[in-house]
$ cat query00.cif   # mmCIF, C-alpha atoms and all ligand atoms
data_start
#
loop_
_atom_site.label_atom_id
_atom_site.label_comp_id
_atom_site.auth_asym_id
_atom_site.auth_seq_id
_atom_site.Cartn_x
_atom_site.Cartn_y
_atom_site.Cartn_z
CA MET A 269 27.27 1.09 -0.61
CA ASP A 270 28.46 4.59 0.18
CA TRP A 271 28.83 6.15 3.62
CA GLY A 272 25.56 8.08 3.57
CA MET A 273 23.45 5.10 2.59
CA LYS A 274 25.16 2.87 5.18
CA ASN A 275 24.77 5.51 7.86
CA ARG A 276 21.06 6.04 7.17
CA LEU A 277 20.34 2.32 7.09
CA SER A 278 22.21 1.87 10.36
CA GLN A 279 20.00 4.49 11.99
CA LEU A 280 17.05 2.26 11.13
CA ILE A 281 18.40 -1.27 11.30
CA GLN A 282 20.13 -1.73 14.63
CA ALA A 283 23.54 -3.33 15.25
CA ASP A 284 21.89 -6.75 15.76
CA GLY A 285 20.51 -6.53 12.22
CA HIS A 286 16.94 -6.14 13.47
CA CYS A 287 14.42 -3.30 13.60
CA PHE A 288 11.15 -2.18 15.10
CA PHE A 289 9.52 0.53 13.00
CA LEU A 290 6.38 2.18 14.34
CA PRO A 291 4.02 3.22 11.52
CA ILE A 292 1.67 6.13 12.16
CA ASP A 293 1.03 6.94 8.49
CA HIS A 294 -2.46 5.43 8.27
CA GLY A 295 -4.21 8.81 8.13
CA TYR A 296 -2.88 9.47 4.64
CA PHE A 297 -5.74 7.43 3.23
CA GLN A 298 -7.84 6.47 6.30
CA GLY A 299 -8.18 9.88 7.94
CA PRO A 300 -8.31 9.97 11.75
CA THR A 301 -7.75 6.27 12.37
CA LYS A 302 -8.92 4.86 15.72
CA CYS A 303 -6.35 5.60 18.45
CA LEU A 304 -4.37 7.77 16.03
CA GLU A 305 -6.68 10.77 16.16
CA LYS A 306 -3.96 12.71 17.98
CA PRO A 307 -0.69 11.22 16.76
CA LYS A 308 1.41 13.24 19.21
CA GLU A 309 -0.33 11.60 22.16
CA THR A 310 -0.26 8.15 20.58
CA ILE A 311 3.48 8.12 20.00
CA LYS A 312 4.68 9.83 23.18
CA PRO A 313 4.79 6.75 25.44
CA LEU A 314 5.88 4.44 22.59
CA LEU A 315 8.90 6.31 21.23
CA PRO A 316 11.42 4.78 23.67
CA TYR A 317 10.66 1.28 22.38
CA CYS A 318 10.75 1.71 18.62
CA ASP A 319 13.71 2.24 16.30
CA ALA A 320 12.03 4.55 13.78
CA LEU A 321 8.73 6.21 12.91
CA PHE A 322 6.96 5.75 9.57
CA VAL A 323 5.07 8.98 9.04
CA THR A 324 3.87 11.52 6.46
CA ARG A 325 5.35 15.01 6.31
CA GLY A 326 2.15 16.57 7.67
CA VAL A 327 2.07 14.50 10.85
CA LEU A 328 5.83 14.77 11.18
CA ARG A 329 5.65 18.56 11.22
CA SER A 330 2.57 18.82 13.43
CA SER A 331 3.09 15.99 15.87
CA VAL A 332 6.70 14.86 16.16
CA ASP A 333 9.21 16.82 18.25
CA PRO A 334 12.22 17.55 16.02
CA THR A 335 14.49 17.79 19.06
CA ASN A 336 13.47 14.43 20.50
CA SER A 337 12.57 12.05 17.73
CA LYS A 338 13.49 8.63 16.46
CA PRO A 339 14.83 8.33 12.89
CA ILE A 340 12.16 9.08 10.31
CA ILE A 341 10.94 6.97 7.42
CA LEU A 342 8.91 9.42 5.42
CA ARG A 343 5.76 8.11 3.70
CA VAL A 344 5.95 9.70 0.25
CA SER A 345 3.16 8.01 -1.70
CA GLY A 346 -0.54 8.81 -1.55
CA GLY A 347 -3.32 10.65 -3.31
CA THR A 348 -6.17 8.21 -2.57
CA SER A 349 -8.69 7.63 0.22
CA MET A 350 -10.79 4.86 1.73
CA VAL A 351 -13.89 6.32 0.06
CA GLY A 352 -12.29 6.93 -3.33
CA LYS A 353 -12.46 4.64 -6.36
CA ASP A 354 -9.21 2.74 -5.97
CA LEU A 355 -6.58 2.83 -3.22
CA ALA A 356 -3.97 1.63 -5.68
CA ASN A 357 -4.10 4.82 -7.77
CA GLU A 358 -1.23 6.46 -5.86
CA GLY A 359 1.38 8.97 -6.92
CA ILE A 360 4.55 10.30 -5.31
CA THR A 361 3.50 13.07 -2.92
CA THR A 362 6.78 14.50 -1.68
CA SER A 363 9.69 16.11 -3.51
CA ILE A 364 13.31 15.16 -3.00
CA GLN A 365 13.96 18.67 -1.63
CA GLU A 366 11.31 18.11 1.04
CA ILE A 367 12.72 14.67 1.88
CA LEU A 368 16.15 16.27 2.43
CA ARG A 369 14.70 19.26 4.31
CA LEU A 370 12.94 16.94 6.75
CA ASN A 371 16.14 14.98 7.28
CA ALA A 372 14.47 11.64 6.54
CA SER A 373 16.55 8.55 7.17
CA ALA A 374 14.52 6.73 4.51
CA VAL A 375 11.34 7.03 2.50
CA GLY A 376 8.46 4.60 2.06
CA ILE A 377 6.21 4.09 -0.96
CA SER A 378 3.45 1.59 -1.71
CA ILE A 379 3.32 -0.69 -4.73
CA PHE A 380 0.15 -2.50 -5.81
CA VAL A 381 1.18 -5.58 -7.75
CA GLY A 382 -1.73 -7.20 -9.61
CA SER A 383 -3.94 -4.11 -9.36
CA ASP A 384 -5.18 -1.88 -12.19
CA TYR A 385 -2.43 0.52 -11.12
CA GLU A 386 0.42 -1.99 -10.98
CA HIS A 387 2.41 -0.28 -13.76
CA GLN A 388 1.95 3.20 -12.33
CA SER A 389 2.89 2.21 -8.78
CA LEU A 390 5.95 0.28 -9.93
CA LEU A 391 7.14 3.21 -12.00
CA ASN A 392 6.53 5.45 -8.96
CA LEU A 393 8.91 3.20 -7.04
CA ALA A 394 11.51 3.20 -9.79
CA LYS A 395 11.36 7.00 -10.13
CA LEU A 396 11.68 7.47 -6.38
CA VAL A 397 14.67 5.12 -6.26
CA ASN A 398 16.31 7.08 -9.09
CA GLU A 399 15.91 10.35 -7.18
CA CYS A 400 16.74 9.06 -3.70
CA GLU A 401 19.83 7.07 -4.68
CA ASP A 402 21.41 10.35 -5.85
CA TYR A 403 21.33 11.47 -2.21
CA SER A 404 21.91 8.06 -0.56
CA ILE A 405 18.40 7.91 0.86
CA PRO A 406 17.11 4.34 1.20
CA VAL A 407 13.70 3.55 -0.25
CA MET A 408 11.42 1.13 1.58
CA ALA A 409 8.79 -0.43 -0.69
CA VAL A 410 5.48 -1.34 0.90
CA THR A 411 3.78 -4.26 -0.81
CA ALA A 412 0.24 -2.98 -0.36
CA VAL A 413 -2.85 -5.08 -0.99
CA GLY A 414 -5.57 -2.41 -1.09
CA LYS A 415 -8.72 -3.39 0.78
CA GLU A 416 -8.25 -7.13 0.16
CA VAL A 417 -5.82 -7.75 3.02
CA GLY A 418 -7.11 -11.32 3.36
CA GLN A 419 -5.87 -12.36 -0.07
CA LYS A 420 -2.18 -12.55 0.62
CA ASP A 421 -0.54 -15.87 0.00
CA ALA A 422 3.17 -16.56 -0.21
CA ARG A 423 3.21 -16.65 -4.02
CA TYR A 424 1.71 -13.19 -4.26
CA LEU A 425 3.88 -11.73 -1.51
CA ALA A 426 7.05 -13.29 -2.93
CA LEU A 427 6.24 -11.85 -6.35
CA SER A 428 5.63 -8.37 -4.94
CA CYS A 429 8.72 -8.38 -2.71
CA ARG A 430 11.01 -9.57 -5.45
CA ILE A 431 9.75 -6.99 -7.91
CA ALA A 432 10.23 -4.24 -5.30
CA ALA A 433 13.81 -5.35 -4.71
CA GLU A 434 14.52 -5.63 -8.44
CA LEU A 435 13.37 -2.04 -8.91
CA GLY A 436 15.83 -0.86 -6.29
CA ALA A 437 14.10 -0.83 -2.89
CA ARG A 438 16.70 -1.14 -0.11
CA VAL A 439 14.13 -2.62 2.30
CA VAL A 440 10.77 -4.25 1.59
CA LYS A 441 7.80 -4.20 3.92
CA THR A 442 5.30 -6.98 3.42
CA TYR A 443 2.72 -9.06 5.24
CA TRP A 444 3.49 -12.23 7.15
CA CYS A 445 1.70 -15.35 5.90
CA ALA A 446 1.19 -18.65 7.70
CA GLU A 447 2.52 -20.86 4.91
CA ASP A 448 5.85 -20.52 3.13
CA PHE A 449 6.83 -17.14 4.56
CA ASP A 450 10.43 -18.37 4.38
CA LYS A 451 9.99 -18.47 0.58
CA VAL A 452 8.82 -14.84 0.58
CA VAL A 453 11.94 -13.79 2.48
CA GLY A 454 14.21 -16.20 0.62
CA GLY A 455 13.19 -14.85 -2.77
CA CYS A 456 13.87 -11.25 -1.81
CA PRO A 457 17.52 -10.13 -2.03
CA VAL A 458 17.01 -7.17 0.36
CA PRO A 459 15.85 -7.19 4.01
CA VAL A 460 12.16 -7.88 4.65
CA VAL A 461 10.16 -6.19 7.40
CA MET A 462 6.69 -7.39 8.44
CA ALA A 463 3.60 -5.17 8.56
CA GLY A 464 0.88 -5.92 11.04
CA GLY A 465 -2.44 -5.50 9.30
CA PRO A 466 -5.77 -5.05 11.13
CA LYS A 467 -5.79 -5.66 14.86
CA CYS A 468 -5.52 -9.38 15.77
CA GLU A 469 -7.97 -11.07 18.15
CA THR A 470 -5.35 -11.69 20.84
CA GLU A 471 -1.95 -10.37 21.82
CA LEU A 472 -0.50 -13.88 21.70
CA GLU A 473 -1.52 -14.14 18.04
CA VAL A 474 0.57 -11.03 17.29
CA PHE A 475 3.60 -12.32 19.21
CA GLU A 476 3.32 -15.70 17.49
CA PHE A 477 3.31 -14.34 13.97
CA VAL A 478 6.10 -11.89 14.69
CA TYR A 479 8.22 -14.63 16.27
CA ASP A 480 7.53 -17.01 13.39
CA GLY A 481 8.39 -14.35 10.81
CA MET A 482 11.66 -13.55 12.56
CA GLN A 483 12.60 -17.23 12.62
CA LYS A 484 11.90 -17.35 8.89
CA GLY A 485 14.26 -14.51 8.08
CA ALA A 486 12.41 -11.20 8.46
CA ILE A 487 14.62 -8.55 10.06
CA GLY A 488 11.85 -6.89 12.02
CA ILE A 489 8.47 -5.27 12.05
CA ASN A 490 6.66 -2.17 10.90
CA LEU A 491 3.66 -2.72 13.10
CA GLY A 492 1.11 -0.10 14.01
CA ARG A 493 -2.50 -0.94 14.83
CA ASN A 494 -1.62 -4.03 16.83
CA VAL A 495 0.45 -1.77 19.05
CA TRP A 496 -1.40 1.52 19.42
CA GLN A 497 -4.94 0.16 19.12
CA ASN A 498 -4.26 -2.27 21.95
CA PRO A 499 -5.61 -1.06 25.32
CA HIS A 500 -2.04 -1.51 26.64
CA PRO A 501 0.17 -0.09 23.87
CA VAL A 502 3.30 0.28 26.00
CA ALA A 503 3.07 -3.34 27.13
CA MET A 504 2.68 -4.37 23.48
CA ALA A 505 5.67 -2.30 22.39
CA LYS A 506 7.89 -3.64 25.16
CA ALA A 507 6.87 -7.22 24.43
CA LEU A 508 7.45 -6.90 20.69
CA ARG A 509 10.82 -5.31 21.33
CA VAL A 510 12.08 -8.38 23.17
CA ILE A 511 11.12 -10.65 20.26
CA ILE A 512 12.86 -8.36 17.79
CA HIS A 513 15.98 -7.46 19.75
CA GLU A 514 16.36 -10.11 22.45
CA ASN A 515 15.27 -13.21 20.59
CA ALA A 516 12.42 -13.83 23.03
CA THR A 517 9.76 -16.42 22.17
CA ALA A 518 6.09 -15.56 21.71
CA LYS A 519 5.40 -17.06 25.14
CA GLY A 520 8.18 -14.99 26.72
CA ALA A 521 6.83 -11.84 25.10
CA TYR A 522 3.32 -12.64 26.30
CA GLU A 523 4.57 -13.05 29.86
CA LEU A 524 6.29 -9.69 29.66
CA PHE A 525 3.15 -8.14 28.18
CA ASN A 526 1.09 -9.41 31.14
CA ASP A 527 3.72 -8.27 33.66
CA VAL A 528 3.79 -4.74 32.26
CA LYS A 529 0.00 -4.63 31.89
CA ASN A 530 -0.59 -5.76 35.47
CA LYS A 531 1.85 -3.20 36.87
CA GLN A 532 0.15 -0.27 35.11
C1 LIG A 601 -0.39 1.91 5.90
C2 LIG A 601 0.93 1.31 6.08
C3 LIG A 601 1.30 0.91 7.42
O1 LIG A 601 2.56 1.43 7.66
C4 LIG A 601 1.32 -0.59 7.53
O2 LIG A 601 0.11 -1.13 7.09
C5 LIG A 601 1.67 -1.07 8.92
O3 LIG A 601 0.71 -0.73 9.83
P1 LIG A 601 -0.24 -1.81 10.45
O4 LIG A 601 0.60 -2.67 11.34
O5 LIG A 601 -1.26 -1.03 11.23
O6 LIG A 601 -0.85 -2.59 9.31
O7 LIG A 601 1.70 1.15 5.17
O8 LIG A 601 -0.50 2.22 4.61
#
$ encode --input "query00.cif" --output "structure tokens"
Amino acid sequence: MDWGMKNRLSQLIQADGHCFFLPIDHGYFQGPTKCLEKPKETIKPLLPYCDALFVTRGVLRSSVDPTNSKPIILRVSGGTSMVGKDLANEGITTSIQEILRLNASAVGISIFVGSDYEHQSLLNLAKLVNECEDYSIPVMAVTAVGKEVGQKDARYLALSCRIAAELGARVVKTYWCAEDFDKVVGGCPVPVVMAGGPKCETELEVFEFVYDGMQKGAIGINLGRNVWQNPHPVAMAKALRVIIHENATAKGAYELFNDVKNKQ
């Protein structure tokens, strides 16, 4: 791995080998997502606790301070919406010149394995890897599941993650699953980061799945709605941070969450 690639990855993945990415890219197909209507306000109190932001170029330019930012993972796939025919019908939205101009530490792109657009989205990934590797920019593949978030078992996730890695992704973002998550991570030769999905019923539920995923080999999280849609987003971010970077248990994180919440 050359210096540039190593340097960019080390901006994202911390010295302990772990990472906490904060995604705020949801608007690219969901529009003004609840609690992300004004991204600038959403991220302001959370920035100190995350290691990187996952964001589109539009929100980056309009809502992120270039003089006081965390490293950027630029969302570079899109072209669909919640009300359109098929979320999987994505293309690459951002040129390599724009990726360089915005000084991205990495880029992120969705793949839709098993969908009608499987072939297209996988070739999008391969094309992006071809372009980004020329400039030592890591590509993070997002194993997206369209609207059917419920249908994600270990076999499906392992298949998607492995394909993403085979096509050249340097990091893969996928969903945690209750059974055999270790097989998802074990079958993927590049680091795996967990996405959050729709907001969980309780905070403890979030801490438990994140802790479990870390024990099973994930290197961190890319978790959005369960942070910024919580009524106490800073408490959530602080509590997640101690699981990721201080090896805290779910119970320990929950105690910290309650401490911070009660002091606010
Ligand atoms: C949206 C994304 C998000 O980055 C990803 O889903 C993580 O966010 P959340 O924790 O809210 O699910 O890729 O397309």
$ atom_distance --input "query00.cif" --atom1 "atom CA of Trp496 of chain A" --atom2 "atom CA of Pro291 of chain A"
9.7 Å
$ atom_distance --input "query00.cif" --atom1 "atom CA of Arg369 of chain A" --atom2 "atom C4 of ligand LIG 601 (chain A)"
24.2 Å
$ residues_near_point --input "query00.cif" --point "(1.8, 2.0, 34.6)" --cutoff "10 Å" --atoms "all atoms listed in the file" --output "ChimeraX atom specification"
/A:500,502-503,528-532
$ residues_near_ligand --input "query00.cif" --ligand "ligand LIG 601 (chain A)" --cutoff "10 Å" --atoms "only C-alpha atoms and all ligand atoms" --output "ChimeraX atom specification"
/A:289-298,301,321-323,343,345-346,355,376-378,409-414,417,441-443,462-467,489-497
$ closest_residue --input "query00.cif" --among "A:Lys353, A:Ala320, A:Leu425, A:Lys302" --to "His286 of chain A" --atoms "all atoms listed in the file"
A:Ala320
$ residues_near_point --input "query00.cif" --point "(-0.9, -0.9, -11.3)" --cutoff "12 Å" --atoms "only C-alpha atoms" --output "PyMOL selection string"
chain A and resi 354-359+378-393+411-414+428
$ atom_distance --input "query00.cif" --atom1 "atom CA of Leu342 of chain A" --atom2 "atom CA of Ile360 of chain A"
11.6 Å
$ residues_around --input "query00.cif" --residues "Gly272 of chain A" --least-positions-apart "6" --cutoff "12 Å" --atoms "all atoms listed in the file" --output "list in words"
Ser278, Gln279, Ser373, Ala374, Cys400, Glu401, Asp402, Tyr403, Ser404, Ile405 and Pro406 of chain A
$ write_last_selection --input "query00.cif" --atoms "C-alpha atoms" --output "CSV table (one decimal), in the frame of the given file"
chain,number,residue,atom,x,y,z
A,278,SER,CA,22.2,1.9,10.4
A,279,GLN,CA,20.0,4.5,12.0
A,373,SER,CA,16.6,8.6,7.2
A,374,ALA,CA,14.5,6.7,4.5
A,400,CYS,CA,16.7,9.1,-3.7
A,401,GLU,CA,19.8,7.1,-4.7
A,402,ASP,CA,21.4,10.4,-5.8
A,403,TYR,CA,21.3,11.5,-2.2
A,404,SER,CA,21.9,8.1,-0.6
A,405,ILE,CA,18.4,7.9,0.9
A,406,PRO,CA,17.1,4.3,1.2
$ closest_residue --input "query00.cif" --among "A:Met482, A:Val332, A:Ala505, A:Ile511" --to "Tyr317 of chain A" --atoms "all atoms listed in the file"
A:Ala505
$ closest_residue --input "query00.cif" --among "A:His513, A:Arg430, A:Lys519, A:Lys506" --to "Leu472 of chain A" --atoms "all atoms listed in the file"
A:Lys519
$ closest_atom_pairs --input "query00.cif" --of "segment 438-492 of chain A" --to "segment 522-527 of chain A" --cutoff "12 Å" --atoms "all atoms listed in the file" --output "tab-separated table"
residue	atom	partner	partner_atom	distance
A:Thr470	CA	A:Tyr522	CA	10.3
A:Glu471	CA	A:Tyr522	CA	7.3
A:Leu472	CA	A:Tyr522	CA	6.1
A:Glu473	CA	A:Tyr522	CA	9.7
A:Val474	CA	A:Tyr522	CA	9.6
A:Phe475	CA	A:Tyr522	CA	7.1
A:Glu476	CA	A:Tyr522	CA	9.3
A:Val478	CA	A:Tyr522	CA	12.0
A:Tyr479	CA	A:Tyr522	CA	11.3
$ write_last_selection --input "query00.cif" --atoms "C-alpha atoms" --output "PDB file, in the frame of the given file"
ATOM      1  CA  THR A 470      -5.350 -11.690  20.840  1.00  0.00           C
ATOM      2  CA  GLU A 471      -1.950 -10.370  21.820  1.00  0.00           C
ATOM      3  CA  LEU A 472      -0.500 -13.880  21.700  1.00  0.00           C
ATOM      4  CA  GLU A 473      -1.520 -14.140  18.040  1.00  0.00           C
ATOM      5  CA  VAL A 474       0.570 -11.030  17.290  1.00  0.00           C
ATOM      6  CA  PHE A 475       3.600 -12.320  19.210  1.00  0.00           C
ATOM      7  CA  GLU A 476       3.320 -15.700  17.490  1.00  0.00           C
ATOM      8  CA  VAL A 478       6.100 -11.890  14.690  1.00  0.00           C
ATOM      9  CA  TYR A 479       8.220 -14.630  16.270  1.00  0.00           C
TER      10      TYR A 479
END
$ closest_residue --input "query00.cif" --among "A:Ile311, A:Val344, A:Glu399, A:Asp333" --to "Ala372 of chain A" --atoms "only C-alpha atoms"
A:Val344
$ closest_residue --input "query00.cif" --among "A:Trp271, A:Ala518, A:Met350, A:Ala437" --to "Pro300 of chain A" --atoms "all atoms listed in the file"
A:Met350
$ closest_residue --input "query00.cif" --among "A:Lys308, A:Ala516, A:Ile364, A:Ser349" --to "Ser337 of chain A" --atoms "all atoms listed in the file"
A:Lys308
